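Asks: Handing over upload_20.tsv, TSV, N, CA and C atoms and all ligand atoms.
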```tsv
chain	number	residue	atom	x	y	z
A	1	MET	N	96.93	122.41	111.84
A	1	MET	CA	98.24	122.52	111.18
A	1	MET	C	98.71	121.15	110.71
A	2	LEU	N	98.89	120.99	109.40
A	2	LEU	CA	99.33	119.71	108.84
A	2	LEU	C	100.81	119.79	108.51
A	3	THR	N	101.57	118.82	108.97
A	3	THR	CA	102.99	118.72	108.60
A	3	THR	C	103.19	117.40	107.87
A	4	VAL	N	103.83	117.46	106.70
A	4	VAL	CA	104.04	116.21	105.96
A	4	VAL	C	104.91	115.26	106.78
A	5	HIS	N	104.43	114.05	106.98
A	5	HIS	CA	105.17	113.05	107.75
A	5	HIS	C	105.84	112.03	106.84
A	6	HIS	N	105.10	111.48	105.88
A	6	HIS	CA	105.71	110.54	104.94
A	6	HIS	C	104.87	110.39	103.68
A	7	ILE	N	105.51	109.84	102.66
A	7	ILE	CA	104.82	109.41	101.45
A	7	ILE	C	104.64	107.90	101.57
A	8	GLY	N	103.42	107.43	101.46
A	8	GLY	CA	103.16	105.99	101.51
A	8	GLY	C	103.31	105.39	100.11
A	9	TYR	N	104.07	104.29	100.03
A	9	TYR	CA	104.46	103.74	98.74
A	9	TYR	C	104.12	102.26	98.72
A	10	LEU	N	103.24	101.86	97.83
A	10	LEU	CA	102.89	100.45	97.68
A	10	LEU	C	104.00	99.71	96.96
A	11	VAL	N	104.39	98.57	97.48
A	11	VAL	CA	105.38	97.75	96.77
A	11	VAL	C	105.01	96.28	96.88
A	12	LYS	N	105.28	95.55	95.79
A	12	LYS	CA	104.95	94.12	95.78
A	12	LYS	C	105.96	93.31	96.58
A	13	LYS	N	107.25	93.61	96.40
A	13	LYS	CA	108.31	92.87	97.09
A	13	LYS	C	109.13	93.86	97.91
A	14	ILE	N	108.87	93.88	99.21
A	14	ILE	CA	109.43	94.95	100.03
A	14	ILE	C	110.95	94.86	100.12
A	15	GLU	N	111.53	93.63	100.12
A	15	GLU	CA	112.98	93.54	100.25
A	15	GLU	C	113.66	94.09	98.99
A	16	HIS	N	113.03	93.89	97.84
A	16	HIS	CA	113.57	94.45	96.61
A	16	HIS	C	113.45	95.97	96.62
A	17	ALA	N	112.33	96.46	97.10
A	17	ALA	CA	112.11	97.91	97.14
A	17	ALA	C	113.08	98.59	98.10
A	18	GLU	N	113.31	97.96	99.25
A	18	GLU	CA	114.27	98.53	100.22
A	18	GLU	C	115.64	98.69	99.56
A	19	ARG	N	116.07	97.62	98.89
A	19	ARG	CA	117.40	97.63	98.26
A	19	ARG	C	117.47	98.72	97.19
A	20	GLN	N	116.38	98.81	96.41
A	20	GLN	CA	116.37	99.78	95.32
A	20	GLN	C	116.41	101.21	95.86
A	21	PHE	N	115.62	101.49	96.91
A	21	PHE	CA	115.65	102.83	97.50
A	21	PHE	C	117.02	103.12	98.12
A	22	GLU	N	117.63	102.12	98.74
A	22	GLU	CA	118.96	102.32	99.33
A	22	GLU	C	119.98	102.67	98.25
A	23	GLU	N	119.83	102.03	97.09
A	23	GLU	CA	120.76	102.34	95.99
A	23	GLU	C	120.58	103.78	95.51
A	24	LEU	N	119.38	104.33	95.71
A	24	LEU	CA	119.14	105.73	95.34
A	24	LEU	C	119.59	106.69	96.44
A	25	GLY	N	120.10	106.15	97.55
A	25	GLY	CA	120.61	107.00	98.61
A	25	GLY	C	119.70	107.15	99.81
A	26	TYR	N	118.60	106.41	99.84
A	26	TYR	CA	117.73	106.44	101.02
A	26	TYR	C	118.36	105.60	102.13
A	27	VAL	N	118.08	105.96	103.38
A	27	VAL	CA	118.61	105.24	104.53
A	27	VAL	C	117.43	104.70	105.34
A	28	VAL	N	117.52	103.44	105.73
A	28	VAL	CA	116.44	102.85	106.53
A	28	VAL	C	116.36	103.55	107.88
A	29	GLU	N	115.19	104.07	108.20
A	29	GLU	CA	114.97	104.76	109.46
A	29	GLU	C	114.35	103.81	110.49
A	30	ARG	N	113.41	103.01	110.03
A	30	ARG	CA	112.80	101.99	110.88
A	30	ARG	C	112.78	100.68	110.10
A	31	GLU	N	113.39	99.67	110.66
A	31	GLU	CA	113.48	98.37	109.99
A	31	GLU	C	112.08	97.82	109.71
A	32	ARG	N	112.03	96.88	108.79
A	32	ARG	CA	110.77	96.27	108.39
A	32	ARG	C	110.01	95.75	109.61
A	33	HIS	N	108.72	96.06	109.63
A	33	HIS	CA	107.88	95.74	110.78
A	33	HIS	C	106.57	95.17	110.26
A	34	TYR	N	106.12	94.07	110.85
A	34	TYR	CA	104.84	93.50	110.43
A	34	TYR	C	103.71	94.15	111.22
A	35	ASP	N	102.76	94.74	110.50
A	35	ASP	CA	101.59	95.37	111.11
A	35	ASP	C	100.46	94.35	111.07
A	36	ASP	N	100.15	93.75	112.22
A	36	ASP	CA	99.17	92.66	112.22
A	36	ASP	C	97.73	93.16	112.19
A	37	ILE	N	97.53	94.45	112.36
A	37	ILE	CA	96.18	95.01	112.19
A	37	ILE	C	95.84	95.08	110.71
A	38	ARG	N	96.81	95.52	109.91
A	38	ARG	CA	96.56	95.76	108.49
A	38	ARG	C	97.11	94.64	107.58
A	39	LYS	N	97.85	93.69	108.21
A	39	LYS	CA	98.45	92.57	107.47
A	39	LYS	C	99.37	93.06	106.33
A	40	VAL	N	100.25	93.97	106.71
A	40	VAL	CA	101.23	94.49	105.77
A	40	VAL	C	102.61	94.56	106.44
A	41	ASP	N	103.66	94.47	105.64
A	41	ASP	CA	105.01	94.79	106.10
A	41	ASP	C	105.26	96.26	105.81
A	42	ILE	N	105.96	96.93	106.73
A	42	ILE	CA	106.22	98.36	106.59
A	42	ILE	C	107.69	98.65	106.90
A	43	THR	N	108.32	99.42	106.02
A	43	THR	CA	109.68	99.92	106.28
A	43	THR	C	109.68	101.42	106.03
A	44	PHE	N	110.33	102.17	106.91
A	44	PHE	CA	110.49	103.61	106.69
A	44	PHE	C	111.92	103.90	106.27
A	45	LEU	N	112.06	104.71	105.23
A	45	LEU	CA	113.38	105.18	104.79
A	45	LEU	C	113.33	106.69	104.64
A	46	THR	N	114.51	107.33	104.76
A	46	THR	CA	114.55	108.78	104.60
A	46	THR	C	115.64	109.16	103.60
A	47	LYS	N	115.41	110.30	102.96
A	47	LYS	CA	116.42	110.91	102.10
A	47	LYS	C	116.15	112.41	102.07
A	48	ASP	N	117.20	113.21	102.24
A	48	ASP	CA	117.04	114.66	102.33
A	48	ASP	C	116.00	114.95	103.42
A	49	SER	N	114.98	115.70	103.14
A	49	SER	CA	113.98	115.94	104.18
A	49	SER	C	112.74	115.06	103.96
A	50	TYR	N	112.89	114.02	103.16
A	50	TYR	CA	111.74	113.19	102.82
A	50	TYR	C	111.77	111.86	103.56
A	51	ARG	N	110.56	111.39	103.88
A	51	ARG	CA	110.43	110.06	104.49
A	51	ARG	C	109.46	109.27	103.62
A	52	VAL	N	109.88	108.05	103.26
A	52	VAL	CA	109.04	107.16	102.47
A	52	VAL	C	108.67	105.95	103.32
A	53	GLU	N	107.41	105.57	103.25
A	53	GLU	CA	106.92	104.37	103.93
A	53	GLU	C	106.63	103.32	102.87
A	54	LEU	N	107.36	102.23	102.91
A	54	LEU	CA	107.06	101.13	101.99
A	54	LEU	C	106.01	100.24	102.64
A	55	VAL	N	104.96	99.94	101.88
A	55	VAL	CA	103.86	99.11	102.40
A	55	VAL	C	103.65	97.95	101.45
A	56	SER	N	103.69	96.73	101.97
A	56	SER	CA	103.57	95.56	101.13
A	56	SER	C	102.62	94.54	101.76
A	57	PRO	N	101.65	94.05	100.99
A	57	PRO	CA	100.67	93.11	101.57
A	57	PRO	C	101.33	91.78	101.92
A	58	VAL	N	100.92	91.22	103.07
A	58	VAL	CA	101.45	89.94	103.52
A	58	VAL	C	100.40	88.84	103.38
A	59	ALA	N	99.14	89.22	103.30
A	59	ALA	CA	98.05	88.25	103.19
A	59	ALA	C	97.05	88.75	102.15
A	60	PRO	N	96.28	87.82	101.56
A	60	PRO	CA	95.31	88.22	100.53
A	60	PRO	C	94.26	89.21	101.04
A	61	ASP	N	94.01	89.20	102.37
A	61	ASP	CA	93.01	90.11	102.92
A	61	ASP	C	93.65	91.31	103.61
A	62	SER	N	94.87	91.67	103.22
A	62	SER	CA	95.48	92.87	103.79
A	62	SER	C	94.75	94.10	103.28
A	63	VAL	N	94.96	95.23	103.98
A	63	VAL	CA	94.24	96.46	103.60
A	63	VAL	C	94.65	96.98	102.22
A	64	VAL	N	95.81	96.56	101.71
A	64	VAL	CA	96.26	97.11	100.42
A	64	VAL	C	96.23	96.08	99.28
A	65	SER	N	95.69	94.89	99.54
A	65	SER	CA	95.70	93.86	98.49
A	65	SER	C	94.94	94.31	97.25
A	66	GLY	N	93.82	94.99	97.45
A	66	GLY	CA	93.05	95.49	96.30
A	66	GLY	C	93.78	96.60	95.58
A	67	LEU	N	94.37	97.53	96.36
A	67	LEU	CA	95.06	98.68	95.77
A	67	LEU	C	96.26	98.25	94.93
A	68	ILE	N	97.00	97.25	95.41
A	68	ILE	CA	98.23	96.89	94.72
A	68	ILE	C	97.93	96.22	93.38
A	69	LYS	N	96.76	95.60	93.28
A	69	LYS	CA	96.38	95.03	91.98
A	69	LYS	C	96.17	96.15	90.97
A	70	ARG	N	95.60	97.25	91.45
A	70	ARG	CA	95.30	98.37	90.56
A	70	ARG	C	96.54	99.20	90.24
A	71	TYR	N	97.34	99.49	91.28
A	71	TYR	CA	98.44	100.46	91.12
A	71	TYR	C	99.81	99.82	90.94
A	72	LYS	N	99.97	98.54	91.27
A	72	LYS	CA	101.28	97.88	91.28
A	72	LYS	C	102.22	98.63	92.22
A	73	ASN	N	103.45	98.92	91.83
A	73	ASN	CA	104.39	99.63	92.70
A	73	ASN	C	104.21	101.13	92.48
A	74	ALA	N	103.68	101.84	93.48
A	74	ALA	CA	103.39	103.26	93.27
A	74	ALA	C	103.12	103.97	94.59
A	75	PRO	N	103.41	105.28	94.63
A	75	PRO	CA	103.00	106.06	95.79
A	75	PRO	C	101.48	106.16	95.83
A	76	TYR	N	100.89	106.11	97.02
A	76	TYR	CA	99.41	106.11	97.07
A	76	TYR	C	98.81	106.97	98.17
A	77	HIS	N	99.62	107.46	99.10
A	77	HIS	CA	99.07	108.44	100.05
A	77	HIS	C	100.17	109.33	100.59
A	78	ILE	N	99.78	110.53	101.01
A	78	ILE	CA	100.66	111.40	101.78
A	78	ILE	C	100.10	111.42	103.20
A	79	CYS	N	100.99	111.25	104.17
A	79	CYS	CA	100.56	111.26	105.57
A	79	CYS	C	100.98	112.57	106.22
A	80	TYR	N	100.06	113.14	106.99
A	80	TYR	CA	100.31	114.40	107.68
A	80	TYR	C	100.26	114.19	109.19
A	81	ALA	N	101.24	114.74	109.89
A	81	ALA	CA	101.21	114.71	111.35
A	81	ALA	C	100.37	115.88	111.85
A	82	VAL	N	99.55	115.61	112.86
A	82	VAL	CA	98.68	116.64	113.42
A	82	VAL	C	98.73	116.57	114.95
A	83	ASP	N	98.53	117.73	115.58
A	83	ASP	CA	98.53	117.77	117.04
A	83	ASP	C	97.27	117.13	117.61
A	84	ASN	N	96.16	117.39	116.98
A	84	ASN	CA	94.88	116.92	117.51
A	84	ASN	C	94.13	116.17	116.42
A	85	LEU	N	94.16	114.85	116.51
A	85	LEU	CA	93.59	114.01	115.46
A	85	LEU	C	92.09	114.28	115.27
A	86	GLU	N	91.36	114.31	116.36
A	86	GLU	CA	89.91	114.46	116.25
A	86	GLU	C	89.52	115.81	115.66
A	87	ALA	N	90.19	116.88	116.10
A	87	ALA	CA	89.87	118.22	115.59
A	87	ALA	C	90.15	118.32	114.10
A	88	ASN	N	91.26	117.71	113.68
A	88	ASN	CA	91.61	117.77	112.26
A	88	ASN	C	90.70	116.91	111.40
A	89	LEU	N	90.25	115.78	111.95
A	89	LEU	CA	89.28	114.94	111.24
A	89	LEU	C	88.01	115.74	110.96
A	90	GLU	N	87.58	116.48	111.97
A	90	GLU	CA	86.35	117.25	111.83
A	90	GLU	C	86.53	118.36	110.80
A	91	LYS	N	87.68	119.05	110.86
A	91	LYS	CA	87.95	120.13	109.92
A	91	LYS	C	88.03	119.61	108.49
A	92	LEU	N	88.76	118.50	108.29
A	92	LEU	CA	88.90	117.93	106.95
A	92	LEU	C	87.56	117.42	106.43
A	93	GLY	N	86.71	116.95	107.34
A	93	GLY	CA	85.37	116.52	106.96
A	93	GLY	C	84.60	117.66	106.31
A	94	SER	N	84.81	118.86	106.82
A	94	SER	CA	84.11	120.02	106.26
A	94	SER	C	84.77	120.49	104.97
A	95	GLN	N	85.97	119.93	104.66
A	95	GLN	CA	86.69	120.30	103.43
A	95	GLN	C	86.60	119.22	102.36
A	96	GLY	N	85.67	118.30	102.51
A	96	GLY	CA	85.44	117.31	101.47
A	96	GLY	C	86.21	116.01	101.62
A	97	PHE	N	86.80	115.78	102.79
A	97	PHE	CA	87.48	114.51	103.04
A	97	PHE	C	86.55	113.57	103.80
A	98	VAL	N	86.50	112.32	103.34
A	98	VAL	CA	85.64	111.32	103.97
A	98	VAL	C	86.51	110.31	104.70
A	99	GLN	N	86.23	110.10	105.97
A	99	GLN	CA	87.00	109.12	106.75
A	99	GLN	C	86.69	107.72	106.25
A	100	ILE	N	87.72	106.95	105.90
A	100	ILE	CA	87.49	105.62	105.33
A	100	ILE	C	88.02	104.48	106.21
A	101	THR	N	88.70	104.82	107.31
A	101	THR	CA	89.10	103.78	108.28
A	101	THR	C	88.77	104.27	109.67
A	102	LYS	N	88.80	103.33	110.62
A	102	LYS	CA	88.71	103.73	112.01
A	102	LYS	C	90.02	104.39	112.42
A	103	VAL	N	89.98	105.16	113.50
A	103	VAL	CA	91.22	105.65	114.12
A	103	VAL	C	91.83	104.47	114.86
A	104	GLN	N	93.05	104.06	114.42
A	104	GLN	CA	93.66	102.86	114.99
A	104	GLN	C	95.15	103.08	115.21
A	105	PRO	N	95.74	102.38	116.17
A	105	PRO	CA	97.18	102.50	116.39
A	105	PRO	C	97.97	101.91	115.23
A	106	ALA	N	99.14	102.49	114.96
A	106	ALA	CA	100.04	102.00	113.92
A	106	ALA	C	101.28	101.41	114.60
A	107	PRO	N	101.36	100.07	114.65
A	107	PRO	CA	102.50	99.43	115.34
A	107	PRO	C	103.85	99.85	114.78
A	108	ALA	N	103.91	100.16	113.47
A	108	ALA	CA	105.20	100.52	112.86
A	108	ALA	C	105.67	101.91	113.25
A	109	ILE	N	104.78	102.73	113.83
A	109	ILE	CA	105.18	104.08	114.30
A	109	ILE	C	104.87	104.20	115.78
A	110	ASP	N	105.38	103.29	116.57
A	110	ASP	CA	105.28	103.34	118.03
A	110	ASP	C	103.84	103.36	118.54
A	111	GLY	N	102.93	102.80	117.77
A	111	GLY	CA	101.55	102.74	118.23
A	111	GLY	C	100.80	104.06	118.16
A	112	ARG	N	101.42	105.06	117.52
A	112	ARG	CA	100.69	106.33	117.36
A	112	ARG	C	99.44	106.08	116.53
A	113	ARG	N	98.36	106.80	116.84
A	113	ARG	CA	97.09	106.56	116.16
A	113	ARG	C	97.09	107.20	114.77
A	114	VAL	N	96.51	106.48	113.81
A	114	VAL	CA	96.40	106.97	112.44
A	114	VAL	C	94.98	106.77	111.93
A	115	VAL	N	94.65	107.51	110.88
A	115	VAL	CA	93.35	107.36	110.22
A	115	VAL	C	93.52	107.75	108.75
A	116	PHE	N	92.74	107.11	107.88
A	116	PHE	CA	92.81	107.42	106.45
A	116	PHE	C	91.53	108.12	106.01
A	117	LEU	N	91.70	109.05	105.05
A	117	LEU	CA	90.57	109.79	104.50
A	117	LEU	C	90.69	109.80	102.98
A	118	GLN	N	89.55	109.93	102.34
A	118	GLN	CA	89.51	109.95	100.88
A	118	GLN	C	88.91	111.27	100.42
A	119	ASN	N	89.49	111.81	99.35
A	119	ASN	CA	88.99	113.07	98.80
A	119	ASN	C	88.81	112.91	97.29
A	120	ALA	N	87.72	113.44	96.77
A	120	ALA	CA	87.40	113.23	95.35
A	120	ALA	C	88.46	113.84	94.43
A	121	ALA	N	89.09	114.93	94.85
A	121	ALA	CA	90.04	115.62	93.97
A	121	ALA	C	91.48	115.14	94.12
A	122	ILE	N	91.87	114.70	95.32
A	122	ILE	CA	93.28	114.36	95.52
A	122	ILE	C	93.51	112.96	96.08
A	123	GLY	N	92.49	112.14	96.17
A	123	GLY	CA	92.68	110.76	96.59
A	123	GLY	C	92.86	110.61	98.09
A	124	MET	N	93.73	109.66	98.47
A	124	MET	CA	93.82	109.25	99.87
A	124	MET	C	94.89	110.03	100.62
A	125	ILE	N	94.57	110.40	101.86
A	125	ILE	CA	95.57	110.95	102.77
A	125	ILE	C	95.48	110.19	104.10
A	126	GLU	N	96.53	110.32	104.89
A	126	GLU	CA	96.57	109.70	106.21
A	126	GLU	C	96.90	110.78	107.22
A	127	LEU	N	96.34	110.68	108.39
A	127	LEU	CA	96.73	111.56	109.50
A	127	LEU	C	97.39	110.70	110.57
A	128	VAL	N	98.46	111.20	111.16
A	128	VAL	CA	99.08	110.53	112.31
A	128	VAL	C	99.21	111.55	113.42
A	129	GLU	N	98.92	111.12	114.64
A	129	GLU	CA	99.04	112.08	115.73
A	129	GLU	C	100.51	112.35	116.00
A	130	SER	N	100.80	113.62	116.33
A	130	SER	CA	102.19	114.04	116.56
A	130	SER	C	102.78	113.33	117.77
A	131	GLU	N	104.10	113.17	117.77
A	131	GLU	CA	104.78	112.49	118.87
A	131	GLU	C	104.54	113.19	120.21
A	132	GLU	N	104.42	114.52	120.15
A	132	GLU	CA	104.28	115.31	121.39
A	132	GLU	C	103.05	114.88	122.18
A	133	GLU	N	102.07	114.31	121.47
A	133	GLU	CA	100.83	113.95	122.14
A	133	GLU	C	100.97	112.69	123.00
A	134	ASN	N	102.04	111.90	122.73
A	134	ASN	CA	102.15	110.62	123.44
A	134	ASN	C	102.68	110.81	124.87
A	201	NI	NI	101.28	105.83	105.76
```
Translate this structure into structure tokens?
Ligand code: NI
Replies:
Amino acid sequence: MLTVHHIGYLVKKIEHAERQFEELGYVVERERHYDDIRKVDITFLTKDSYRVELVSPVAPDSVVSGLIKRYKNAPYHICYAVDNLEANLEKLGSQGFVQITKVQPAPAIDGRRVVFLQNAAIGMIELVESEEEN
């Protein structure tokens, strides 16, 4: 069972993006947090029933430095919360999704484990384990 958790949004200047989203009526849910595994700054904002994750590279070797050159400021993944990360990885594998990162904790979401997958038809998705599992 996949539940949409957030839309991941690449941004070059996170403080500008935060301000711009706030002007559109988004509210900061989790203040900016440096993820030292991925070398990115992350802020979560919400509006209506939507959650947006702003992701901005902090170092030239961050996980999104290549992507941001290609896409500039743009949404780039949808993240789904799942009860059982391993079972869903296996199921998605049989549906044409290829795991492209290790399963690793996400400091910006209380250390919950996440993993990224790539699909030829719909691009990148992320899975995050549900809070109930912690
Ligand atoms: Ni994400």
Asks: Pick the closest to ligand NI 201 (chain A) from A:Met1, A:Leu24, A:Leu85, A:Ile7: which is it, counting only N, CA and C atoms and all ligand atoms?
Replies: A:Ile7
Asks: Enumerate, in order of chain and increasing residue number, the residues of chain A with an atom no farther than 10 Å from ligand NI 201 (chain A), each with its shortest atom pair and distance in Å to one decimal, counting only C-alpha atoms and all ligand atoms, as a Markdown table.
Replies:
```
| residue | atom | partner | partner_atom | distance |
| --- | --- | --- | --- | --- |
| A:His5 | CA | A:NI201 | NI | 8.4 |
| A:His6 | CA | A:NI201 | NI | 6.5 |
| A:Ile7 | CA | A:NI201 | NI | 6.6 |
| A:Gly8 | CA | A:NI201 | NI | 4.6 |
| A:Tyr9 | CA | A:NI201 | NI | 8.0 |
| A:Leu10 | CA | A:NI201 | NI | 9.8 |
| A:Ile42 | CA | A:NI201 | NI | 9.0 |
| A:Phe44 | CA | A:NI201 | NI | 9.5 |
| A:Val52 | CA | A:NI201 | NI | 8.5 |
| A:Glu53 | CA | A:NI201 | NI | 6.1 |
| A:Leu54 | CA | A:NI201 | NI | 8.3 |
| A:Val55 | CA | A:NI201 | NI | 7.9 |
| A:Tyr76 | CA | A:NI201 | NI | 8.9 |
| A:His77 | CA | A:NI201 | NI | 6.7 |
| A:Ile78 | CA | A:NI201 | NI | 6.9 |
| A:Cys79 | CA | A:NI201 | NI | 5.5 |
| A:Tyr80 | CA | A:NI201 | NI | 8.8 |
| A:Ala106 | CA | A:NI201 | NI | 9.1 |
| A:Ala108 | CA | A:NI201 | NI | 9.7 |
| A:Ile109 | CA | A:NI201 | NI | 9.6 |
| A:Val114 | CA | A:NI201 | NI | 8.4 |
| A:Val115 | CA | A:NI201 | NI | 9.2 |
| A:Phe116 | CA | A:NI201 | NI | 8.6 |
| A:Ile125 | CA | A:NI201 | NI | 8.2 |
| A:Glu126 | CA | A:NI201 | NI | 6.1 |
| A:Leu127 | CA | A:NI201 | NI | 8.2 |
| A:Val128 | CA | A:NI201 | NI | 8.4 |
```
Asks: I'd like to know which of A:Val58, A:Val64, A:Ile37, A:Leu45 is closest to A:Pro105, using all atoms listed in the file.
Replies: A:Ile37
Asks: List the spatial neighbours of A:Ala59 as a PyMOL selection string - criterion: any atom at most 9 Å away, only C-alpha atoms, same-chain residues fewer than 2 positions off excluded.
Replies: chain A and resi 39-40+57+61-62+65
Asks: Output the selection as a short mmCIF file (atom, residue, chain, number, x, y, z; two decimals), in the coordinates of the input - N, CA and C atoms for each residue.
Replies:
```
data_model
loop_
_atom_site.label_atom_id
_atom_site.label_comp_id
_atom_site.auth_asym_id
_atom_site.auth_seq_id
_atom_site.Cartn_x
_atom_site.Cartn_y
_atom_site.Cartn_z
N LYS A 39 97.85 93.69 108.21
CA LYS A 39 98.45 92.57 107.47
C LYS A 39 99.37 93.06 106.33
N VAL A 40 100.25 93.97 106.71
CA VAL A 40 101.23 94.49 105.77
C VAL A 40 102.61 94.56 106.44
N PRO A 57 101.65 94.05 100.99
CA PRO A 57 100.67 93.11 101.57
C PRO A 57 101.33 91.78 101.92
N ASP A 61 94.01 89.20 102.37
CA ASP A 61 93.01 90.11 102.92
C ASP A 61 93.65 91.31 103.61
N SER A 62 94.87 91.67 103.22
CA SER A 62 95.48 92.87 103.79
C SER A 62 94.75 94.10 103.28
N SER A 65 95.69 94.89 99.54
CA SER A 65 95.70 93.86 98.49
C SER A 65 94.94 94.31 97.25
#
```
Asks: As lines of an AutoDock Vina configuration file, what would the box around stretch 58-77 of chain A look like: edges along x, y and z, 4 Å added on every side, centre and edge lengths in Å to one decimal?
Replies:
```
center_x = 98.7
center_y = 98.6
center_z = 97.1
size_x = 19.4
size_y = 29.5
size_z = 21.7
```
Asks: Atom C of A:Asn119 and atom CA of A:Gly96 are how many Å apart?
Replies: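 For atom C of A:Asn119 relative to atom CA of A:Gly96, the distance reads 6.9 Å.
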Asks: Write out as an MDAnalysis selection string all residues of chain A that backbone DSSP assigns to strand (DSSP E or B).
Replies: chainID A and resid 3:10 27:35 40:47 50:57 74:82 97:99 104:106 112:119 123:129
Asks: Looking at A:Ala121, A:Lys12, A:Thr43, A:Ser94, which one is nearest to A:Val28, with distances taken over all atoms listed in the file?
Replies: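 Under the stated criterion, the closest residue is A:Thr43.
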Asks: What separation in Å, quoted to one decimal, exists between atom CA of A:Gly93 and atom CA of A:Ser130?
Replies: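 Atom-to-atom, atom CA of A:Gly93 and atom CA of A:Ser130 are spaced 19.5 Å apart.
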Asks: Rounded to one decimal in Å, what is the spacing between atom N of A:Ala87 and atom N of A:Leu67?
Replies: 28.0 Å
Asks: Go through A:Gln95, A:Asn84, A:Gln104, A:Thr3 one by one, measure the shortest atom-to-atom distance of each to A:Ala120 using only C-alpha atoms, and give the residue with the smallest value.
Replies: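 Counting only C-alpha atoms, the residue closest to A:Ala120 is A:Gln95.
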Asks: Assign secondary structure with DSSP using the backbone only, and return the residues of chain A in helix (DSSP H, G or I) as an MDAnalysis selection string.
Replies: chainID A and resid 14:23 65:71 85:93 107:109 131:133
Asks: Give me a file of those residues, with N, CA and C atoms, as a tab-separated table (two decimals), in the coordinates of the input.
Replies:
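Now in selection.tsv:
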```tsv
chain	number	residue	atom	x	y	z
A	14	ILE	N	108.87	93.88	99.21
A	14	ILE	CA	109.43	94.95	100.03
A	14	ILE	C	110.95	94.86	100.12
A	15	GLU	N	111.53	93.63	100.12
A	15	GLU	CA	112.98	93.54	100.25
A	15	GLU	C	113.66	94.09	98.99
A	16	HIS	N	113.03	93.89	97.84
A	16	HIS	CA	113.57	94.45	96.61
A	16	HIS	C	113.45	95.97	96.62
A	17	ALA	N	112.33	96.46	97.10
A	17	ALA	CA	112.11	97.91	97.14
A	17	ALA	C	113.08	98.59	98.10
A	18	GLU	N	113.31	97.96	99.25
A	18	GLU	CA	114.27	98.53	100.22
A	18	GLU	C	115.64	98.69	99.56
A	19	ARG	N	116.07	97.62	98.89
A	19	ARG	CA	117.40	97.63	98.26
A	19	ARG	C	117.47	98.72	97.19
A	20	GLN	N	116.38	98.81	96.41
A	20	GLN	CA	116.37	99.78	95.32
A	20	GLN	C	116.41	101.21	95.86
A	21	PHE	N	115.62	101.49	96.91
A	21	PHE	CA	115.65	102.83	97.50
A	21	PHE	C	117.02	103.12	98.12
A	22	GLU	N	117.63	102.12	98.74
A	22	GLU	CA	118.96	102.32	99.33
A	22	GLU	C	119.98	102.67	98.25
A	23	GLU	N	119.83	102.03	97.09
A	23	GLU	CA	120.76	102.34	95.99
A	23	GLU	C	120.58	103.78	95.51
A	65	SER	N	95.69	94.89	99.54
A	65	SER	CA	95.70	93.86	98.49
A	65	SER	C	94.94	94.31	97.25
A	66	GLY	N	93.82	94.99	97.45
A	66	GLY	CA	93.05	95.49	96.30
A	66	GLY	C	93.78	96.60	95.58
A	67	LEU	N	94.37	97.53	96.36
A	67	LEU	CA	95.06	98.68	95.77
A	67	LEU	C	96.26	98.25	94.93
A	68	ILE	N	97.00	97.25	95.41
A	68	ILE	CA	98.23	96.89	94.72
A	68	ILE	C	97.93	96.22	93.38
A	69	LYS	N	96.76	95.60	93.28
A	69	LYS	CA	96.38	95.03	91.98
A	69	LYS	C	96.17	96.15	90.97
A	70	ARG	N	95.60	97.25	91.45
A	70	ARG	CA	95.30	98.37	90.56
A	70	ARG	C	96.54	99.20	90.24
A	71	TYR	N	97.34	99.49	91.28
A	71	TYR	CA	98.44	100.46	91.12
A	71	TYR	C	99.81	99.82	90.94
A	85	LEU	N	94.16	114.85	116.51
A	85	LEU	CA	93.59	114.01	115.46
A	85	LEU	C	92.09	114.28	115.27
A	86	GLU	N	91.36	114.31	116.36
A	86	GLU	CA	89.91	114.46	116.25
A	86	GLU	C	89.52	115.81	115.66
A	87	ALA	N	90.19	116.88	116.10
A	87	ALA	CA	89.87	118.22	115.59
A	87	ALA	C	90.15	118.32	114.10
A	88	ASN	N	91.26	117.71	113.68
A	88	ASN	CA	91.61	117.77	112.26
A	88	ASN	C	90.70	116.91	111.40
A	89	LEU	N	90.25	115.78	111.95
A	89	LEU	CA	89.28	114.94	111.24
A	89	LEU	C	88.01	115.74	110.96
A	90	GLU	N	87.58	116.48	111.97
A	90	GLU	CA	86.35	117.25	111.83
A	90	GLU	C	86.53	118.36	110.80
A	91	LYS	N	87.68	119.05	110.86
A	91	LYS	CA	87.95	120.13	109.92
A	91	LYS	C	88.03	119.61	108.49
A	92	LEU	N	88.76	118.50	108.29
A	92	LEU	CA	88.90	117.93	106.95
A	92	LEU	C	87.56	117.42	106.43
A	93	GLY	N	86.71	116.95	107.34
A	93	GLY	CA	85.37	116.52	106.96
A	93	GLY	C	84.60	117.66	106.31
A	107	PRO	N	101.36	100.07	114.65
A	107	PRO	CA	102.50	99.43	115.34
A	107	PRO	C	103.85	99.85	114.78
A	108	ALA	N	103.91	100.16	113.47
A	108	ALA	CA	105.20	100.52	112.86
A	108	ALA	C	105.67	101.91	113.25
A	109	ILE	N	104.78	102.73	113.83
A	109	ILE	CA	105.18	104.08	114.30
A	109	ILE	C	104.87	104.20	115.78
A	131	GLU	N	104.10	113.17	117.77
A	131	GLU	CA	104.78	112.49	118.87
A	131	GLU	C	104.54	113.19	120.21
A	132	GLU	N	104.42	114.52	120.15
A	132	GLU	CA	104.28	115.31	121.39
A	132	GLU	C	103.05	114.88	122.18
A	133	GLU	N	102.07	114.31	121.47
A	133	GLU	CA	100.83	113.95	122.14
A	133	GLU	C	100.97	112.69	123.00
```
Asks: For each of A:Glu129, A:Val27, A:Glu15, A:Asp110, take the minimum atom-to-atom distance to A:Ala81, counting only N, CA and C atoms, then give the residue where this is smallest.
Replies: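 The shortest atom-to-atom distance to A:Ala81 comes from A:Glu129.
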